[in-house]
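Asks: Pasting start-v7.cif below, which is mmCIF, C-alpha atoms and all ligand atoms; chains and numbers go by the auth columns.
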```
data_start
loop_
_atom_site.group_PDB
_atom_site.id
_atom_site.type_symbol
_atom_site.label_atom_id
_atom_site.label_comp_id
_atom_site.label_asym_id
_atom_site.label_seq_id
_atom_site.Cartn_x
_atom_site.Cartn_y
_atom_site.Cartn_z
_atom_site.B_iso_or_equiv
_atom_site.auth_seq_id
_atom_site.auth_asym_id
ATOM 1 C CA MET A 1 70.750 95.127 86.770 0.00 17 D
ATOM 2 C CA VAL A 2 74.410 94.947 85.836 0.00 18 D
ATOM 3 C CA ASN A 3 77.644 94.898 87.763 0.00 19 D
ATOM 4 C CA VAL A 4 79.929 97.862 87.218 0.00 20 D
ATOM 5 C CA LEU A 5 83.437 98.191 88.570 0.00 21 D
ATOM 6 C CA TRP A 6 84.191 101.403 90.378 0.00 22 D
ATOM 7 C CA ARG A 7 87.860 102.244 90.263 0.00 23 D
ATOM 8 C CA GLU A 8 88.593 104.552 93.126 0.00 24 D
ATOM 9 C CA GLY A 9 91.489 106.839 93.076 0.00 25 D
ATOM 10 C CA TRP A 10 93.099 109.995 92.033 0.00 26 D
ATOM 11 C CA LEU A 11 95.337 110.926 89.176 0.00 27 D
ATOM 12 C CA LYS A 12 98.928 110.553 90.178 0.00 28 D
ATOM 13 C CA PRO A 13 101.393 111.996 87.682 0.00 29 D
ATOM 14 C CA LEU A 14 104.376 109.707 87.135 0.00 30 D
ATOM 15 C CA LEU A 15 107.373 109.748 84.850 0.00 31 D
ATOM 16 C CA THR A 16 107.793 106.588 82.798 0.00 32 D
ATOM 17 C CA GLU A 17 111.392 106.495 84.068 0.00 33 D
ATOM 18 C CA SER A 18 110.027 105.620 87.493 0.00 34 D
ATOM 19 C CA LEU A 19 107.971 102.702 86.148 0.00 35 D
ATOM 20 C CA PRO A 20 109.320 99.164 85.816 0.00 36 D
ATOM 21 C CA SER A 21 108.544 99.340 82.102 0.00 37 D
ATOM 22 C CA GLU A 22 107.864 102.098 79.591 0.00 38 D
ATOM 23 C CA LYS A 23 105.625 99.764 77.629 0.00 39 D
ATOM 24 C CA CYS A 24 102.158 98.446 78.302 0.00 40 D
ATOM 25 C CA ALA A 25 102.182 94.834 79.511 0.00 41 D
ATOM 26 C CA LYS A 26 99.176 94.046 77.312 0.00 42 D
ATOM 27 C CA CYS A 27 99.496 95.818 73.965 0.00 43 D
ATOM 28 C CA ASN A 28 103.255 96.341 74.208 0.00 44 D
ATOM 29 C CA ASN A 29 103.040 99.917 72.973 0.00 45 D
ATOM 30 C CA GLU A 30 105.128 102.584 74.645 0.00 46 D
ATOM 31 C CA PHE A 31 103.277 104.931 76.933 0.00 47 D
ATOM 32 C CA LYS A 32 102.649 108.342 75.462 0.00 48 D
ATOM 33 C CA GLU A 33 102.269 111.719 77.090 0.00 49 D
ATOM 34 C CA LEU A 34 99.148 111.788 79.311 0.00 50 D
ATOM 35 C CA ASP A 35 98.179 108.154 78.821 0.00 51 D
ATOM 36 C CA PHE A 36 96.121 106.837 81.704 0.00 52 D
ATOM 37 C CA VAL A 37 98.013 103.917 83.200 0.00 53 D
ATOM 38 C CA THR A 38 97.339 101.482 85.986 0.00 54 D
ATOM 39 C CA SER A 39 98.467 98.153 87.366 0.00 55 D
ATOM 40 C CA CYS A 40 96.501 94.954 87.727 0.00 56 D
ATOM 41 C CA GLU A 41 95.247 94.400 91.257 0.00 57 D
ATOM 42 C CA PHE A 42 95.219 90.618 90.758 0.00 58 D
ATOM 43 C CA CYS A 43 98.749 89.959 89.522 0.00 59 D
ATOM 44 C CA GLN A 44 102.149 91.523 89.067 0.00 60 D
ATOM 45 C CA ALA A 45 102.009 91.610 85.283 0.00 61 D
ATOM 46 C CA GLY A 46 103.208 95.204 85.144 0.00 62 D
ATOM 47 C CA ILE A 47 101.801 98.530 84.071 0.00 63 D
ATOM 48 C CA PHE A 48 98.990 98.799 81.558 0.00 64 D
ATOM 49 C CA HIS A 49 97.070 101.449 79.729 0.00 65 D
ATOM 50 C CA GLU A 50 93.880 101.750 81.725 0.00 66 D
ATOM 51 C CA ASN A 51 91.789 100.266 78.903 0.00 67 D
ATOM 52 C CA CYS A 52 94.275 97.451 78.379 0.00 68 D
ATOM 53 C CA CYS A 53 94.165 96.671 82.077 0.00 69 D
ATOM 54 C CA ASN A 54 90.393 96.367 81.987 0.00 70 D
ATOM 55 C CA THR A 55 90.653 93.907 79.096 0.00 71 D
ATOM 56 C CA HIS A 56 93.451 92.037 80.836 0.00 72 D
ATOM 57 C CA ILE A 57 91.402 91.627 84.014 0.00 73 D
ATOM 58 C CA ILE A 58 88.350 90.391 82.118 0.00 74 D
ATOM 59 C CA GLU A 59 90.431 87.984 80.020 0.00 75 D
ATOM 60 C CA GLU A 60 92.815 86.709 82.699 0.00 76 D
ATOM 61 C CA HIS A 61 91.039 87.083 86.001 0.00 77 D
ATOM 62 C CA GLN A 62 87.366 86.507 85.346 0.00 78 D
ATOM 63 C CA ASP A 63 87.269 83.885 88.114 0.00 79 D
ATOM 64 C CA LEU A 64 88.862 86.256 90.651 0.00 80 D
ATOM 65 C CA LEU A 65 86.536 89.000 89.564 0.00 81 D
ATOM 66 C CA GLU A 66 83.521 86.773 90.144 0.00 82 D
ATOM 67 C CA THR A 67 84.860 85.754 93.561 0.00 83 D
ATOM 68 C CA LYS A 68 85.293 89.383 94.406 0.00 84 D
ATOM 69 C CA MET A 69 81.749 90.238 93.333 0.00 85 D
ATOM 70 C CA ALA A 70 80.384 87.313 95.336 0.00 86 D
ATOM 71 C CA ASP A 71 82.351 88.431 98.431 0.00 87 D
ATOM 72 C CA HIS A 72 81.004 91.887 98.048 0.00 88 D
ATOM 73 C CA ARG A 73 77.438 90.673 97.804 0.00 89 D
ATOM 74 C CA GLU A 74 77.894 88.687 100.980 0.00 90 D
ATOM 75 C CA LYS A 75 79.333 91.634 102.858 0.00 91 D
ATOM 76 C CA ARG A 76 76.503 93.819 101.755 0.00 92 D
ATOM 77 C CA LEU A 77 73.998 91.265 103.001 0.00 93 D
ATOM 78 C CA HIS A 78 75.709 91.157 106.380 0.00 94 D
ATOM 79 C CA SER A 79 75.723 94.893 106.837 0.00 95 D
ATOM 80 C CA TYR A 80 71.985 95.035 106.288 0.00 96 D
ATOM 81 C CA GLN A 81 71.173 92.209 108.669 0.00 97 D
HETATM 82 ZN ZN ZN B . 98.162 99.007 76.234 0.00 101 U
HETATM 83 ZN ZN ZN B . 96.475 90.631 86.133 0.00 102 U
#
```
Once more with this new file: its structure as structure tokens, please.

Replies:
Amino acid sequence: MVNVLWREGWLKPLLTESLPSEKCAKCNNEFKELDFVTSCEFCQAGIFHENCCNTHIIEEHQDLLETKMADHREKRLHSYQ
């Protein structure tokens, strides 16, 4: 059994002009037409390519991620009891 991370949401078209930065906070490349972008839910680092954000979270927030998974497991236990 493995843990997967379900990212809920919908595609929200944005212009890069409305973002705080036109570059990815991880790889520093400018966003291109139809790139999937997202922000980190654990910090205010900025906007990332979706793939870069995943890497960022695993590299920078592994501890928070594990806390979150542990919380979730606890909640699930409670709802079944
Ligand atoms: Zn990037
Ligand atoms: Zn972060």

Asks: Pick out the residues no farther than 6 Å from ligand ZN 101 (chain U), counting only C-alpha atoms and all ligand atoms, and list them as a CSV table (one decimal) with C-alpha atoms, in the frame of the given file.

Replies:
```csv
chain,number,residue,atom,x,y,z
D,40,CYS,CA,102.2,98.4,78.3
D,42,LYS,CA,99.2,94.0,77.3
D,43,CYS,CA,99.5,95.8,74.0
D,45,ASN,CA,103.0,99.9,73.0
D,64,PHE,CA,99.0,98.8,81.6
D,65,HIS,CA,97.1,101.4,79.7
D,68,CYS,CA,94.3,97.5,78.4
```

Asks: For the atom pair atom CA of D:Pro36 and atom CA of D:Glu82, what is the interatomic distance in Å to one decimal place?

Replies: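 Spanning atom CA of D:Pro36 to atom CA of D:Glu82 is a straight-line distance of 28.9 Å.
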
Asks: If you count only C-alpha atoms and all ligand atoms, which residues end up within 10 Å of ligand ZN 102 (chain U), as a PDB file with C-alpha atoms, keeping the file's coordinate frame?

Replies:
```pdb
ATOM      1  CA  ALA D  41     102.182  94.834  79.511  1.00  0.00           C
ATOM      2  CA  LYS D  42      99.176  94.046  77.312  1.00  0.00           C
ATOM      3  CA  SER D  55      98.467  98.153  87.366  1.00  0.00           C
ATOM      4  CA  CYS D  56      96.501  94.954  87.727  1.00  0.00           C
ATOM      5  CA  GLU D  57      95.247  94.400  91.257  1.00  0.00           C
ATOM      6  CA  PHE D  58      95.219  90.618  90.758  1.00  0.00           C
ATOM      7  CA  CYS D  59      98.749  89.959  89.522  1.00  0.00           C
ATOM      8  CA  GLN D  60     102.149  91.523  89.067  1.00  0.00           C
ATOM      9  CA  ALA D  61     102.009  91.610  85.283  1.00  0.00           C
ATOM     10  CA  GLY D  62     103.208  95.204  85.144  1.00  0.00           C
ATOM     11  CA  ILE D  63     101.801  98.530  84.071  1.00  0.00           C
ATOM     12  CA  PHE D  64      98.990  98.799  81.558  1.00  0.00           C
ATOM     13  CA  CYS D  69      94.165  96.671  82.077  1.00  0.00           C
ATOM     14  CA  ASN D  70      90.393  96.367  81.987  1.00  0.00           C
ATOM     15  CA  THR D  71      90.653  93.907  79.096  1.00  0.00           C
ATOM     16  CA  HIS D  72      93.451  92.037  80.836  1.00  0.00           C
ATOM     17  CA  ILE D  73      91.402  91.627  84.014  1.00  0.00           C
ATOM     18  CA  ILE D  74      88.350  90.391  82.118  1.00  0.00           C
ATOM     19  CA  GLU D  75      90.431  87.984  80.020  1.00  0.00           C
ATOM     20  CA  GLU D  76      92.815  86.709  82.699  1.00  0.00           C
ATOM     21  CA  HIS D  77      91.039  87.083  86.001  1.00  0.00           C
ATOM     22  CA  LEU D  80      88.862  86.256  90.651  1.00  0.00           C
TER      23      LEU D  80
END
```

Asks: Could you name the residues that touch D:Pro29 at 12 Å or less, counting only C-alpha atoms, but leaving out those on the same chain fewer than 3 positions away, as a VMD selection string?

Replies: chain D and resid 26 32 to 35 49 to 54

Asks: Given 4 Å of margin on each side, can you work out the centre and size in Å (one decimal) of an axis-aligned box holding every listed atom of stretch 40-55 of chain D, as JSON?

Replies:
```
{"center_x": 100.6, "center_y": 102.9, "center_z": 80.2, "size_x": 17.0, "size_y": 25.7, "size_z": 22.4}
```

Asks: Missing atoms in stretch 32-56 of chain D: can you complete it with N, CA and C atoms, as a JSON list (two decimals), keeping the file's coordinate frame?

Replies:
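New file out30.json:
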```json
[["chain", "number", "residue", "atom", "x", "y", "z"],
["D", 32, "THR", "N", 107.61, 107.99, 83.20],
["D", 32, "THR", "CA", 107.79, 106.59, 82.80],
["D", 32, "THR", "C", 109.14, 106.05, 83.31],
["D", 33, "GLU", "N", 110.11, 106.95, 83.51],
["D", 33, "GLU", "CA", 111.39, 106.50, 84.07],
["D", 33, "GLU", "C", 111.23, 105.81, 85.42],
["D", 34, "SER", "N", 110.20, 106.20, 86.16],
["D", 34, "SER", "CA", 110.03, 105.62, 87.49],
["D", 34, "SER", "C", 109.23, 104.31, 87.44],
["D", 35, "LEU", "N", 108.74, 103.94, 86.28],
["D", 35, "LEU", "CA", 107.97, 102.70, 86.15],
["D", 35, "LEU", "C", 108.91, 101.53, 85.82],
["D", 36, "PRO", "N", 108.49, 100.32, 86.16],
["D", 36, "PRO", "CA", 109.32, 99.16, 85.82],
["D", 36, "PRO", "C", 109.43, 98.96, 84.31],
["D", 37, "SER", "N", 108.49, 99.48, 83.56],
["D", 37, "SER", "CA", 108.54, 99.34, 82.10],
["D", 37, "SER", "C", 107.95, 100.59, 81.47],
["D", 38, "GLU", "N", 108.45, 100.96, 80.30],
["D", 38, "GLU", "CA", 107.86, 102.10, 79.59],
["D", 38, "GLU", "C", 106.87, 101.64, 78.55],
["D", 39, "LYS", "N", 106.59, 100.32, 78.58],
["D", 39, "LYS", "CA", 105.62, 99.76, 77.63],
["D", 39, "LYS", "C", 104.49, 99.10, 78.38],
["D", 40, "CYS", "N", 103.34, 99.09, 77.73],
["D", 40, "CYS", "CA", 102.16, 98.45, 78.30],
["D", 40, "CYS", "C", 102.33, 96.93, 78.29],
["D", 41, "ALA", "N", 102.01, 96.28, 79.40],
["D", 41, "ALA", "CA", 102.18, 94.83, 79.51],
["D", 41, "ALA", "C", 101.18, 94.07, 78.65],
["D", 42, "LYS", "N", 100.16, 94.74, 78.15],
["D", 42, "LYS", "CA", 99.18, 94.05, 77.31],
["D", 42, "LYS", "C", 99.41, 94.29, 75.82],
["D", 43, "CYS", "N", 99.40, 95.54, 75.41],
["D", 43, "CYS", "CA", 99.50, 95.82, 73.96],
["D", 43, "CYS", "C", 100.93, 96.07, 73.53],
["D", 44, "ASN", "N", 101.84, 96.20, 74.51],
["D", 44, "ASN", "CA", 103.26, 96.34, 74.21],
["D", 44, "ASN", "C", 103.62, 97.66, 73.52],
["D", 45, "ASN", "N", 102.71, 98.60, 73.51],
["D", 45, "ASN", "CA", 103.04, 99.92, 72.97],
["D", 45, "ASN", "C", 103.65, 100.79, 74.07],
["D", 46, "GLU", "N", 104.54, 101.67, 73.67],
["D", 46, "GLU", "CA", 105.13, 102.58, 74.64],
["D", 46, "GLU", "C", 104.08, 103.58, 75.13],
["D", 47, "PHE", "N", 104.20, 103.93, 76.39],
["D", 47, "PHE", "CA", 103.28, 104.93, 76.93],
["D", 47, "PHE", "C", 103.57, 106.29, 76.31],
["D", 48, "LYS", "N", 102.51, 106.99, 76.03],
["D", 48, "LYS", "CA", 102.65, 108.34, 75.46],
["D", 48, "LYS", "C", 102.26, 109.38, 76.51],
["D", 49, "GLU", "N", 102.60, 110.61, 76.20],
["D", 49, "GLU", "CA", 102.27, 111.72, 77.09],
["D", 49, "GLU", "C", 100.78, 111.67, 77.47],
["D", 50, "LEU", "N", 100.50, 111.73, 78.76],
["D", 50, "LEU", "CA", 99.15, 111.79, 79.31],
["D", 50, "LEU", "C", 98.30, 110.54, 79.06],
["D", 51, "ASP", "N", 98.93, 109.41, 78.81],
["D", 51, "ASP", "CA", 98.18, 108.15, 78.82],
["D", 51, "ASP", "C", 97.74, 107.85, 80.25],
["D", 52, "PHE", "N", 96.56, 107.31, 80.40],
["D", 52, "PHE", "CA", 96.12, 106.84, 81.70],
["D", 52, "PHE", "C", 96.66, 105.43, 81.90],
["D", 53, "VAL", "N", 97.41, 105.23, 82.96],
["D", 53, "VAL", "CA", 98.01, 103.92, 83.20],
["D", 53, "VAL", "C", 97.60, 103.40, 84.58],
["D", 54, "THR", "N", 97.68, 102.09, 84.71],
["D", 54, "THR", "CA", 97.34, 101.48, 85.99],
["D", 54, "THR", "C", 97.99, 100.11, 86.06],
["D", 55, "SER", "N", 97.94, 99.51, 87.24],
["D", 55, "SER", "CA", 98.47, 98.15, 87.37],
["D", 55, "SER", "C", 97.33, 97.22, 87.72],
["D", 56, "CYS", "N", 97.52, 95.95, 87.45],
["D", 56, "CYS", "CA", 96.50, 94.95, 87.73],
["D", 56, "CYS", "C", 96.49, 94.65, 89.22]]
```
